[in-house]
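Structure below is query00.cif: mmCIF, C-alpha atoms (C1' of nucleotides).
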```
data_target
loop_
_atom_site.label_atom_id
_atom_site.label_comp_id
_atom_site.auth_asym_id
_atom_site.auth_seq_id
_atom_site.Cartn_x
_atom_site.Cartn_y
_atom_site.Cartn_z
CA MET L 1 5.48 1.34 -0.24
CA ILE L 2 5.70 1.96 3.50
CA LEU L 3 5.95 -0.55 6.32
CA LYS L 4 2.99 -0.65 8.70
CA SER L 5 3.32 1.31 11.91
CA GLN L 6 2.81 -2.01 13.69
CA VAL L 7 6.35 -2.93 12.61
CA GLU L 8 7.77 0.02 14.53
CA TRP L 9 5.58 -0.83 17.52
CA ALA L 10 6.67 -4.47 17.53
CA LEU L 11 10.34 -3.53 17.30
CA HIS L 12 10.10 -1.17 20.26
CA CYS L 13 8.18 -3.75 22.28
CA CYS L 14 10.81 -6.40 21.59
CA ALA L 15 13.52 -3.96 22.60
CA ILE L 16 11.81 -3.62 25.98
CA LEU L 17 11.19 -7.33 26.34
CA ALA L 18 14.85 -7.98 25.54
CA GLY L 19 15.77 -6.03 28.67
CA LEU L 20 13.36 -7.93 30.89
CA PRO L 21 14.92 -10.28 33.49
CA ASP L 22 14.47 -14.00 32.88
CA GLY L 23 11.07 -15.37 33.72
CA ARG L 24 9.29 -12.02 33.93
CA TYR L 25 6.34 -11.09 31.70
CA LEU L 26 5.09 -7.69 30.56
CA SER L 27 1.46 -7.08 29.59
CA THR L 28 -0.01 -5.40 26.54
CA LYS L 29 -1.35 -2.71 28.86
CA ALA L 30 2.13 -1.83 30.14
CA LEU L 31 3.68 -1.89 26.67
CA ALA L 32 0.90 0.32 25.31
CA GLU L 33 1.27 2.87 28.11
CA LEU L 34 5.03 2.91 27.78
CA HIS L 35 4.86 3.75 24.08
CA GLY L 36 1.66 5.79 24.08
CA LEU L 37 -0.15 3.36 21.77
CA PRO L 38 -3.74 2.10 21.55
CA LYS L 39 -3.81 -1.05 23.68
CA GLU L 40 -6.32 -3.03 21.60
CA TYR L 41 -4.56 -2.43 18.34
CA LEU L 42 -1.06 -2.97 19.70
CA SER L 43 -2.43 -6.31 20.88
CA LYS L 44 -2.77 -7.38 17.24
CA ALA L 45 0.92 -6.76 16.62
CA LEU L 46 1.87 -8.73 19.71
CA GLN L 47 -0.39 -11.55 18.58
CA SER L 48 1.57 -11.64 15.33
CA LEU L 49 4.78 -12.04 17.32
CA SER L 50 3.17 -14.80 19.33
CA GLN L 51 1.94 -16.66 16.26
CA ALA L 52 5.43 -16.46 14.78
CA GLY L 53 6.83 -18.02 17.94
CA LEU L 54 9.01 -15.02 18.78
CA VAL L 55 7.44 -14.42 22.17
CA HIS L 56 5.98 -16.58 24.90
CA THR L 57 2.79 -15.64 26.71
CA THR L 58 0.98 -16.39 29.95
CA LEU L 59 -2.60 -15.63 30.91
CA GLY L 60 -4.16 -14.15 33.99
CA PRO L 61 -3.05 -11.28 36.22
CA SER L 62 0.73 -10.89 36.11
CA GLY L 63 0.58 -12.43 32.65
CA GLY L 64 1.90 -10.96 29.43
CA TYR L 65 4.83 -11.42 27.07
CA ARG L 66 8.48 -12.37 27.19
CA LEU L 67 10.91 -13.20 24.41
CA ALA L 68 10.94 -16.83 23.38
CA ARG L 69 14.67 -16.72 22.62
CA ALA L 70 17.79 -14.93 23.79
CA PRO L 71 18.06 -11.38 22.40
CA ALA L 72 21.19 -12.42 20.50
CA GLU L 73 19.09 -14.94 18.57
CA LEU L 74 16.27 -12.57 17.71
CA THR L 75 16.73 -10.42 14.61
CA PHE L 76 14.94 -7.42 13.16
CA LEU L 77 14.01 -9.60 10.20
CA ASP L 78 12.17 -12.01 12.50
CA VAL L 79 10.01 -9.19 13.83
CA VAL L 80 9.47 -7.47 10.49
CA GLU L 81 8.40 -10.72 8.84
CA ALA L 82 6.16 -11.67 11.75
CA VAL L 83 4.20 -8.44 11.39
CA GLU L 84 4.54 -7.66 7.71
CA GLY L 85 4.59 -11.17 6.31
CA SER L 86 7.50 -12.95 4.67
CA GLY L 87 6.43 -12.42 1.07
CA ARG L 88 8.68 -10.54 -1.32
CA THR L 89 8.17 -6.79 -1.73
CA PHE L 90 8.15 -7.19 -5.51
CA VAL L 91 5.50 -9.39 -7.09
CA CYS L 92 6.16 -10.55 -10.65
CA GLN L 93 2.94 -10.63 -12.69
CA ASN L 94 4.90 -12.17 -15.56
CA ILE L 95 3.63 -9.58 -18.01
CA ARG L 96 6.27 -10.74 -20.51
CA ALA L 97 3.84 -13.58 -21.23
CA ASN L 98 1.42 -11.03 -22.72
CA ASN L 99 3.83 -10.27 -25.56
CA PRO L 100 1.77 -10.71 -28.76
CA CYS L 101 4.87 -11.87 -30.63
CA ARG L 102 4.98 -15.09 -28.63
CA PRO L 103 3.72 -18.34 -30.07
CA LYS L 104 0.59 -19.51 -28.25
CA GLY L 105 1.30 -21.72 -25.27
CA PHE L 106 4.99 -20.78 -25.15
CA CYS L 107 6.43 -21.67 -21.77
CA ASP L 108 9.25 -19.68 -20.19
CA SER L 109 12.26 -21.70 -19.12
CA GLY L 110 13.38 -19.42 -16.32
CA SER L 111 12.25 -16.53 -14.17
CA CYS L 112 11.96 -13.02 -15.50
CA ALA L 113 15.30 -11.16 -15.37
CA ILE L 114 13.63 -8.01 -14.10
CA ALA L 115 11.98 -9.88 -11.24
CA ARG L 116 15.29 -11.54 -10.34
CA ILE L 117 17.00 -8.18 -9.95
CA MET L 118 14.16 -6.86 -7.81
CA TRP L 119 14.29 -9.99 -5.69
CA GLU L 120 18.04 -9.68 -5.21
CA ALA L 121 17.55 -6.16 -3.88
CA ASP L 122 14.80 -7.47 -1.63
CA GLU L 123 17.22 -10.08 -0.36
CA ALA L 124 19.86 -7.41 0.34
CA TRP L 125 17.28 -5.66 2.51
CA ARG L 126 16.50 -8.87 4.37
CA THR L 127 20.17 -9.65 4.85
CA ALA L 128 20.70 -6.30 6.54
CA LEU L 129 17.74 -6.92 8.83
CA ARG L 130 18.94 -10.44 9.56
CA LYS L 131 22.27 -9.09 10.82
CA ALA L 132 20.61 -6.80 13.34
CA THR L 133 19.97 -8.59 16.63
CA PHE L 134 18.24 -7.28 19.72
CA ALA L 135 21.38 -7.97 21.73
CA ASP L 136 23.25 -5.45 19.60
CA LEU L 137 20.35 -3.04 19.81
CA GLY L 138 20.41 -3.29 23.60
CA LYS L 139 24.07 -2.31 23.74
CA THR L 140 23.46 0.65 21.44
CA LEU L 141 20.47 1.87 23.43
CA GLU L 142 22.37 1.59 26.72
CA GLN L 143 25.06 3.85 25.29
CA GLU L 144 22.75 6.36 23.67
CA ILE L 145 19.81 6.82 25.99
CA ASP L 146 19.99 9.34 28.80
CA PRO L 147 21.06 7.35 31.90
CA GLY L 148 18.30 8.80 34.08
CA ILE L 149 15.58 7.90 31.61
CA TRP L 150 17.14 4.51 31.03
CA ALA L 151 17.11 3.64 34.75
CA GLY L 152 13.71 5.22 35.30
CA THR L 153 12.17 3.23 32.47
CA PHE L 154 13.75 0.02 33.77
CA ASP L 155 12.16 0.61 37.18
CA TRP L 156 8.83 1.51 35.60
CA VAL L 157 8.84 -1.73 33.63
CA LEU L 158 9.93 -3.95 36.53
CA LYS L 159 7.18 -2.50 38.71
CA ARG L 160 4.63 -3.75 36.16
CA ALA L 161 6.28 -7.01 35.09
CA GLY L 162 4.66 -10.15 36.40
CA MET R 1 4.42 -3.89 1.96
CA ILE R 2 4.33 -4.56 -1.75
CA LEU R 3 5.54 -2.35 -4.59
CA LYS R 4 2.86 -1.06 -6.95
CA SER R 5 2.34 -3.00 -10.14
CA GLN R 6 3.19 0.23 -11.94
CA VAL R 7 6.81 -0.34 -10.89
CA GLU R 8 6.90 -3.62 -12.79
CA TRP R 9 5.24 -1.97 -15.78
CA ALA R 10 7.68 0.93 -15.80
CA LEU R 11 10.67 -1.39 -15.59
CA HIS R 12 9.48 -3.48 -18.54
CA CYS R 13 8.75 -0.37 -20.57
CA CYS R 14 12.22 1.02 -19.90
CA ALA R 15 13.71 -2.31 -20.91
CA ILE R 16 11.99 -1.96 -24.27
CA LEU R 17 12.90 1.70 -24.68
CA ALA R 18 16.52 0.83 -23.90
CA GLY R 19 16.58 -1.34 -27.02
CA LEU R 20 15.11 1.34 -29.25
CA PRO R 21 17.46 2.85 -31.88
CA ASP R 22 18.53 6.44 -31.29
CA GLY R 23 15.95 9.05 -32.14
CA ARG R 24 12.98 6.69 -32.31
CA TYR R 25 9.93 7.01 -30.06
CA LEU R 26 7.44 4.42 -28.88
CA SER R 27 3.87 5.32 -27.88
CA THR R 28 1.86 4.38 -24.81
CA LYS R 29 -0.45 2.44 -27.09
CA ALA R 30 2.37 0.24 -28.38
CA LEU R 31 3.84 -0.31 -24.91
CA ALA R 32 0.42 -1.22 -23.54
CA GLU R 33 -0.27 -3.72 -26.32
CA LEU R 34 3.16 -5.27 -26.01
CA HIS R 35 2.68 -5.95 -22.30
CA GLY R 36 -1.06 -6.52 -22.24
CA LEU R 37 -1.73 -3.56 -19.96
CA PRO R 38 -4.53 -0.95 -19.72
CA LYS R 39 -3.35 1.94 -21.87
CA GLU R 40 -4.84 4.77 -19.81
CA TYR R 41 -3.44 3.54 -16.54
CA LEU R 42 -0.02 2.64 -17.93
CA SER R 43 0.03 6.22 -19.14
CA LYS R 44 0.17 7.38 -15.50
CA ALA R 45 3.30 5.34 -14.89
CA LEU R 46 4.96 6.74 -18.01
CA GLN R 47 4.03 10.24 -16.90
CA SER R 48 5.88 9.56 -13.65
CA LEU R 49 8.96 8.61 -15.66
CA SER R 50 8.58 11.79 -17.69
CA GLN R 51 8.22 14.01 -14.63
CA ALA R 52 11.34 12.42 -13.16
CA GLY R 53 13.23 13.29 -16.34
CA LEU R 54 14.02 9.65 -17.15
CA VAL R 55 12.32 9.71 -20.54
CA HIS R 56 11.84 12.25 -23.29
CA THR R 57 8.53 12.64 -25.09
CA THR R 58 7.14 14.00 -28.34
CA LEU R 59 3.55 14.70 -29.34
CA GLY R 60 1.52 13.90 -32.41
CA PRO R 61 1.39 10.79 -34.57
CA SER R 62 4.72 8.97 -34.44
CA GLY R 63 5.18 10.51 -31.01
CA GLY R 64 5.83 8.67 -27.76
CA TYR R 65 8.70 7.97 -25.42
CA ARG R 66 12.42 7.38 -25.56
CA LEU R 67 15.02 7.19 -22.80
CA ALA R 68 16.50 10.54 -21.77
CA ARG R 69 19.87 8.93 -21.03
CA ALA R 70 22.01 6.04 -22.20
CA PRO R 71 20.85 2.66 -20.79
CA ALA R 72 24.15 2.39 -18.91
CA GLU R 73 23.25 5.54 -16.99
CA LEU R 74 19.71 4.50 -16.09
CA THR R 75 19.30 2.36 -12.99
CA PHE R 76 16.47 0.33 -11.50
CA LEU R 77 16.51 2.71 -8.56
CA ASP R 78 15.77 5.65 -10.86
CA VAL R 79 12.66 3.94 -12.16
CA VAL R 80 11.50 2.59 -8.81
CA GLU R 81 11.82 6.00 -7.17
CA ALA R 82 10.14 7.76 -10.08
CA VAL R 83 7.04 5.58 -9.68
CA GLU R 84 7.07 4.73 -6.00
CA GLY R 85 8.54 7.91 -4.59
CA SER R 86 11.92 8.39 -2.97
CA GLY R 87 10.75 8.32 0.64
CA ARG R 88 12.06 5.71 3.03
CA THR R 89 10.09 2.48 3.46
CA PHE R 90 10.27 2.84 7.24
CA VAL R 91 8.74 5.91 8.85
CA CYS R 92 9.83 6.68 12.41
CA GLN R 93 6.93 8.04 14.48
CA ASN R 94 9.35 8.65 17.34
CA ILE R 95 7.18 6.77 19.80
CA ARG R 96 10.06 6.75 22.29
CA ALA R 97 8.97 10.31 23.03
CA ASN R 98 5.75 8.93 24.54
CA ASN R 99 7.66 7.24 27.35
CA PRO R 100 5.95 8.45 30.57
CA CYS R 101 9.28 8.25 32.42
CA ARG R 102 10.67 11.15 30.43
CA PRO R 103 10.83 14.63 31.89
CA LYS R 104 8.42 16.96 30.12
CA GLY R 105 9.91 18.75 27.13
CA PHE R 106 12.90 16.40 26.96
CA CYS R 107 14.58 16.67 23.59
CA ASP R 108 16.36 13.74 21.96
CA SER R 109 19.91 14.39 20.88
CA GLY R 110 20.01 11.88 18.03
CA SER R 111 17.81 9.70 15.89
CA CYS R 112 16.15 6.58 17.22
CA ALA R 113 18.48 3.56 17.06
CA ILE R 114 15.68 1.35 15.79
CA ALA R 115 14.90 3.73 12.95
CA ARG R 116 18.59 3.94 12.03
CA ILE R 117 18.81 0.17 11.63
CA MET R 118 15.66 0.12 9.50
CA TRP R 119 17.03 2.94 7.37
CA GLU R 120 20.34 1.15 6.87
CA ALA R 121 18.47 -1.86 5.54
CA ASP R 122 16.46 0.44 3.31
CA GLU R 123 19.72 1.87 2.02
CA ALA R 124 21.07 -1.62 1.30
CA TRP R 125 17.99 -2.20 -0.85
CA ARG R 126 18.53 1.06 -2.72
CA THR R 127 22.22 0.32 -3.21
CA ALA R 128 21.36 -2.97 -4.90
CA LEU R 129 18.88 -1.22 -7.18
CA ARG R 130 21.38 1.52 -7.94
CA LYS R 131 23.88 -1.05 -9.20
CA ALA R 132 21.43 -2.50 -11.70
CA THR R 133 21.53 -0.61 -15.01
CA PHE R 134 19.39 -1.14 -18.08
CA ALA R 135 22.53 -1.76 -20.10
CA ASP R 136 23.26 -4.82 -17.96
CA LEU R 137 19.64 -5.88 -18.15
CA GLY R 138 19.75 -5.67 -21.93
CA LYS R 139 22.72 -8.04 -22.08
CA THR R 140 21.00 -10.51 -19.79
CA LEU R 141 17.76 -10.45 -21.75
CA GLU R 142 19.59 -10.97 -25.05
CA GLN R 143 21.16 -14.11 -23.61
CA GLU R 144 18.05 -15.49 -21.97
CA ILE R 145 15.15 -14.74 -24.27
CA ASP R 146 14.29 -17.14 -27.06
CA PRO R 147 16.03 -15.76 -30.19
CA GLY R 148 12.90 -15.99 -32.32
CA ILE R 149 10.79 -14.08 -29.86
CA TRP R 150 13.58 -11.58 -29.31
CA ALA R 151 13.86 -10.80 -33.04
CA GLY R 152 10.11 -10.88 -33.56
CA THR R 153 9.53 -8.43 -30.75
CA PHE R 154 12.24 -6.14 -32.07
CA ASP R 155 10.53 -6.07 -35.48
CA TRP R 156 7.13 -5.54 -33.87
CA VAL R 157 8.46 -2.56 -31.92
CA LEU R 158 10.31 -0.99 -34.85
CA LYS R 159 7.21 -1.24 -37.01
CA ARG R 160 5.39 0.95 -34.45
CA ALA R 161 8.21 3.27 -33.40
CA GLY R 162 7.99 6.80 -34.76
"C1'" DC V 1 -5.44 23.51 -44.07
"C1'" DA V 2 -7.87 19.60 -41.97
"C1'" DA V 3 -7.81 15.24 -39.69
"C1'" DA V 4 -5.77 11.99 -36.85
"C1'" DA V 5 -2.77 10.66 -33.21
"C1'" DT V 6 -0.23 11.77 -29.30
"C1'" DA V 7 1.23 13.17 -24.15
"C1'" DG V 8 -0.58 15.36 -20.18
"C1'" DG V 9 -3.64 15.79 -16.69
"C1'" DG V 10 -8.11 16.27 -14.09
"C1'" DA V 11 -12.34 13.86 -12.24
"C1'" DT V 12 -14.36 9.96 -10.73
"C1'" DA V 13 -15.33 5.26 -9.06
"C1'" DC V 14 -14.01 0.92 -7.01
"C1'" DC V 15 -11.58 -2.09 -4.14
"C1'" DA V 16 -7.85 -3.77 -1.08
"C1'" DT V 17 -5.55 -2.77 2.96
"C1'" DG V 18 -4.03 -0.42 7.10
"C1'" DT V 19 -5.88 1.57 11.28
"C1'" DA V 20 -8.79 1.40 15.20
"C1'" DT V 21 -12.45 -0.01 18.41
"C1'" DC V 22 -15.55 -3.20 20.66
"C1'" DC V 23 -16.88 -7.55 22.35
"C1'" DT V 24 -16.61 -12.50 23.68
"C1'" DT V 25 -14.04 -16.53 25.31
"C1'" DA V 26 -10.76 -19.25 27.84
"C1'" DA V 27 -7.08 -19.40 31.05
"C1'" DT V 28 -4.71 -17.83 35.26
"C1'" DT V 29 -4.00 -15.60 39.71
"C1'" DG V 30 -5.18 -14.44 44.38
"C1'" DC K 1 -15.48 -16.30 43.12
"C1'" DA K 2 -13.59 -11.99 41.18
"C1'" DA K 3 -10.13 -9.66 38.65
"C1'" DT K 4 -6.88 -9.76 34.94
"C1'" DT K 5 -4.91 -11.40 30.94
"C1'" DA K 6 -4.08 -13.16 25.76
"C1'" DA K 7 -6.58 -14.52 21.72
"C1'" DG K 8 -9.47 -13.65 18.24
"C1'" DG K 9 -13.82 -12.35 15.74
"C1'" DA K 10 -16.79 -8.45 13.96
"C1'" DT K 11 -17.15 -4.05 12.57
"C1'" DA K 12 -16.22 0.67 10.96
"C1'" DC K 13 -13.35 4.13 8.88
"C1'" DA K 14 -9.50 6.28 6.21
"C1'" DT K 15 -6.05 5.85 2.91
"C1'" DG K 16 -4.03 4.56 -1.16
"C1'" DG K 17 -3.65 1.60 -5.34
"C1'" DT K 18 -6.20 0.41 -9.47
"C1'" DA K 19 -8.83 1.66 -13.35
"C1'" DT K 20 -11.65 4.32 -16.58
"C1'" DC K 21 -13.31 8.41 -18.86
"C1'" DC K 22 -12.85 12.85 -20.75
"C1'" DC K 23 -10.74 17.23 -22.21
"C1'" DT K 24 -6.78 20.04 -23.94
"C1'" DA K 25 -2.63 21.39 -26.39
"C1'" DT K 26 0.58 19.88 -29.66
"C1'" DT K 27 2.44 17.69 -33.74
"C1'" DT K 28 2.57 14.78 -37.81
"C1'" DT K 29 0.28 13.08 -41.85
"C1'" DG K 30 -2.65 13.39 -45.95
#
```
Please express what this file holds, its structure, as structure tokens.
Amino acid sequence: MILKSQVEWALHCCAILAGLPDGRYLSTKALAELHGLPKEYLSKALQSLSQAGLVHTTLGPSGGYRLARAPAELTFLDVVEAVEGSGRTFVCQNIRANNPCRPKGFCDSGSCAIARIMWEADEAWRTALRKATFADLGKTLEQEIDPGIWAGTFDWVLKRAG
Amino acid sequence: MILKSQVEWALHCCAILAGLPDGRYLSTKALAELHGLPKEYLSKALQSLSQAGLVHTTLGPSGGYRLARAPAELTFLDVVEAVEGSGRTFVCQNIRANNPCRPKGFCDSGSCAIARIMWEADEAWRTALRKATFADLGKTLEQEIDPGIWAGTFDWVLKRAG
DNA sequence: CAAAATAGGGATACCATGTATCCTTAATTG
DNA sequence: CAATTAAGGATACATGGTATCCCTATTTTG
């Protein structure tokens, strides 16, 4: 069970968009070059973000993407669910119902205890992702990334942002 | 990103094995019938449990599986990792290294901040699964399952346990 | 001793899904 | 009008999950 690579791509793209000045847009082409990714396929991930309402888009030259909310209001969970879907990672097939000792037509009153435990773990994962905002990520990156590369990348992006 | 159905199967099988009296074994055939699963394919899941050392096996008629440890010492995480593997659910492809603004041959000092956040969430998931033991599950099931079905299933299993 | 039942594991086939590319369309900019 | 962009459909390919079949070594039962 491994998350799609599109999740990683979308997270990195949002990290860049979170640093973009208000009102500016960055194109798929620029985001693909910056991360060394196939433009056409990255486009699918960005479309997922758009459909989820996480980013705003404009057409035409100088068009592209910007965040639809403030970085402090955008969480990792938002992005992960936009790309990966919001369904649970554990699907209960209710195989307890196949027990031959059950009377025919017996109906379970509650959910399967095993599924509940798996779903609680799933929820712990989501809670951790929900706590992580792109505002916090921005602060961390600013501290960790080499200052020259940080500034150089910022210039590179601004030169291409419409 | 969805867990294999074999995870669900393995969890249900361990729940049954946890209720088995000491020294008794239950076969793949019985476990498959009890859960309405394809015997040959369920066998692969049980082999994973065996290779991980979670269950003990014997051959011949009256052979099968039993838990290798006390139910209180067996966790959901043990079973999930035995079937699904112990690798992280998020794989970092280090795409930050593709940034064209980087000097050639630049070497990152630490791990990618985005990957770290994803891995922390992954660890929260594992922590929740690590807390869930099959002893606790047994208590829950005993409270929740219809008493008639509970007793009937126990008889059914004992009749087939070697 | 012989027969039956078992776990283990290899080979194979099928299908769903992730990955990737190409193309068309509509909207926007200059 | 010409260039550029997001959106989305169609297609192809690789990978991995699902499932079945078969063979072997081992052990219990009759």
| request: Name the residues that the PyMOL selection byres ((chain R) within 12 of (chain V)) pulls out of this structure, and write them as a list in words. | output: Met1, Ile2, Tyr25, Leu26, Ser27, Thr28, Lys29, Ala30, Glu40, Ser43, Lys44, Ala45, Leu46, Gln47, Ser48, Ser50, Gln51, His56, Thr57, Thr58, Leu59, Gly60, Pro61, Ser62, Gly63, Gly64, Tyr65 and Gly162 of chain R
| task | Write out as a PyMOL selection string every residue belonging to chain R that has an atom at most 7 Å from any atom of chain L, counting only C-alpha atoms. | result | chain R and resi 1-3+34-36+84+89-90+95-96+98-102+113+121-122+124-125+128-129+141+149+152-153
What does the file look like for those residues with C-alpha atoms, as a compact mmCIF listing (two decimals), in the frame of the given file?
```txt
# COMPACT_ATOMS: atom_id res chain seq x y z
CA MET R 1 4.42 -3.89 1.96
CA ILE R 2 4.33 -4.56 -1.75
CA LEU R 3 5.54 -2.35 -4.59
CA LEU R 34 3.16 -5.27 -26.01
CA HIS R 35 2.68 -5.95 -22.30
CA GLY R 36 -1.06 -6.52 -22.24
CA GLU R 84 7.07 4.73 -6.00
CA THR R 89 10.09 2.48 3.46
CA PHE R 90 10.27 2.84 7.24
CA ILE R 95 7.18 6.77 19.80
CA ARG R 96 10.06 6.75 22.29
CA ASN R 98 5.75 8.93 24.54
CA ASN R 99 7.66 7.24 27.35
CA PRO R 100 5.95 8.45 30.57
CA CYS R 101 9.28 8.25 32.42
CA ARG R 102 10.67 11.15 30.43
CA ALA R 113 18.48 3.56 17.06
CA ALA R 121 18.47 -1.86 5.54
CA ASP R 122 16.46 0.44 3.31
CA ALA R 124 21.07 -1.62 1.30
CA TRP R 125 17.99 -2.20 -0.85
CA ALA R 128 21.36 -2.97 -4.90
CA LEU R 129 18.88 -1.22 -7.18
CA LEU R 141 17.76 -10.45 -21.75
CA ILE R 149 10.79 -14.08 -29.86
CA GLY R 152 10.11 -10.88 -33.56
CA THR R 153 9.53 -8.43 -30.75
```
| query | Taking all atoms listed in the file into account, what are the residues of chain K at most 12 Å from chain L, put as a PyMOL selection string? | reply | chain K and resi 2-8+16-17
| request: Would you mind reading off the distance between atom CA of R:Asp22 and atom CA of R:Gly53, one decimal, in Å? | output: 17.3 Å
| query | Mind pulling up the distance from atom CA of L:Leu20 to atom CA of L:Leu67? | reply | 8.7 Å
| In Å to one decimal, how far is atom CA of L:Ala161 from atom C1' of K:DG9? | 28.4 Å
Hey, could you patch up stretch 132-151 of chain R with N, CA and C atoms and hand it over as a short mmCIF file (atom, residue, chain, number, x, y, z; two decimals), in the coordinates of the input?
```cif
data_model
loop_
_atom_site.label_atom_id
_atom_site.label_comp_id
_atom_site.auth_asym_id
_atom_site.auth_seq_id
_atom_site.Cartn_x
_atom_site.Cartn_y
_atom_site.Cartn_z
N ALA R 132 22.03 -1.82 -10.55
CA ALA R 132 21.43 -2.50 -11.70
C ALA R 132 21.07 -1.49 -12.79
N THR R 133 21.80 -1.52 -13.89
CA THR R 133 21.53 -0.61 -15.01
C THR R 133 20.75 -1.33 -16.10
N PHE R 134 20.14 -0.55 -16.97
CA PHE R 134 19.39 -1.14 -18.08
C PHE R 134 20.30 -1.61 -19.20
N ALA R 135 21.57 -1.20 -19.15
CA ALA R 135 22.53 -1.76 -20.10
C ALA R 135 22.81 -3.22 -19.72
N ASP R 136 23.05 -3.45 -18.43
CA ASP R 136 23.26 -4.82 -17.96
C ASP R 136 22.03 -5.68 -18.21
N LEU R 137 20.87 -5.12 -17.94
CA LEU R 137 19.64 -5.88 -18.15
C LEU R 137 19.50 -6.30 -19.62
N GLY R 138 19.85 -5.37 -20.51
CA GLY R 138 19.75 -5.67 -21.93
C GLY R 138 20.61 -6.86 -22.32
N LYS R 139 21.84 -6.90 -21.78
CA LYS R 139 22.72 -8.04 -22.08
C LYS R 139 22.11 -9.35 -21.57
N THR R 140 21.60 -9.30 -20.37
CA THR R 140 21.00 -10.51 -19.79
C THR R 140 19.82 -11.00 -20.62
N LEU R 141 18.95 -10.06 -20.99
CA LEU R 141 17.76 -10.45 -21.75
C LEU R 141 18.15 -11.05 -23.09
N GLU R 142 19.17 -10.47 -23.73
CA GLU R 142 19.59 -10.97 -25.05
C GLU R 142 20.08 -12.41 -24.95
N GLN R 143 20.69 -12.74 -23.81
CA GLN R 143 21.16 -14.11 -23.61
C GLN R 143 20.03 -15.07 -23.27
N GLU R 144 19.04 -14.57 -22.53
CA GLU R 144 18.05 -15.49 -21.97
C GLU R 144 16.82 -15.70 -22.84
N ILE R 145 16.41 -14.64 -23.54
CA ILE R 145 15.15 -14.74 -24.27
C ILE R 145 15.32 -15.56 -25.55
N ASP R 146 14.33 -16.34 -25.84
CA ASP R 146 14.29 -17.14 -27.06
C ASP R 146 14.59 -16.24 -28.26
N PRO R 147 15.58 -16.62 -29.08
CA PRO R 147 16.03 -15.76 -30.19
C PRO R 147 14.91 -15.37 -31.15
N GLY R 148 14.00 -16.30 -31.41
CA GLY R 148 12.90 -15.99 -32.32
C GLY R 148 12.00 -14.92 -31.76
N ILE R 149 11.66 -15.06 -30.49
CA ILE R 149 10.79 -14.08 -29.86
C ILE R 149 11.50 -12.73 -29.75
N TRP R 150 12.78 -12.80 -29.43
CA TRP R 150 13.58 -11.58 -29.31
C TRP R 150 13.54 -10.79 -30.62
N ALA R 151 13.84 -11.47 -31.74
CA ALA R 151 13.86 -10.80 -33.04
C ALA R 151 12.46 -10.36 -33.45
#
```
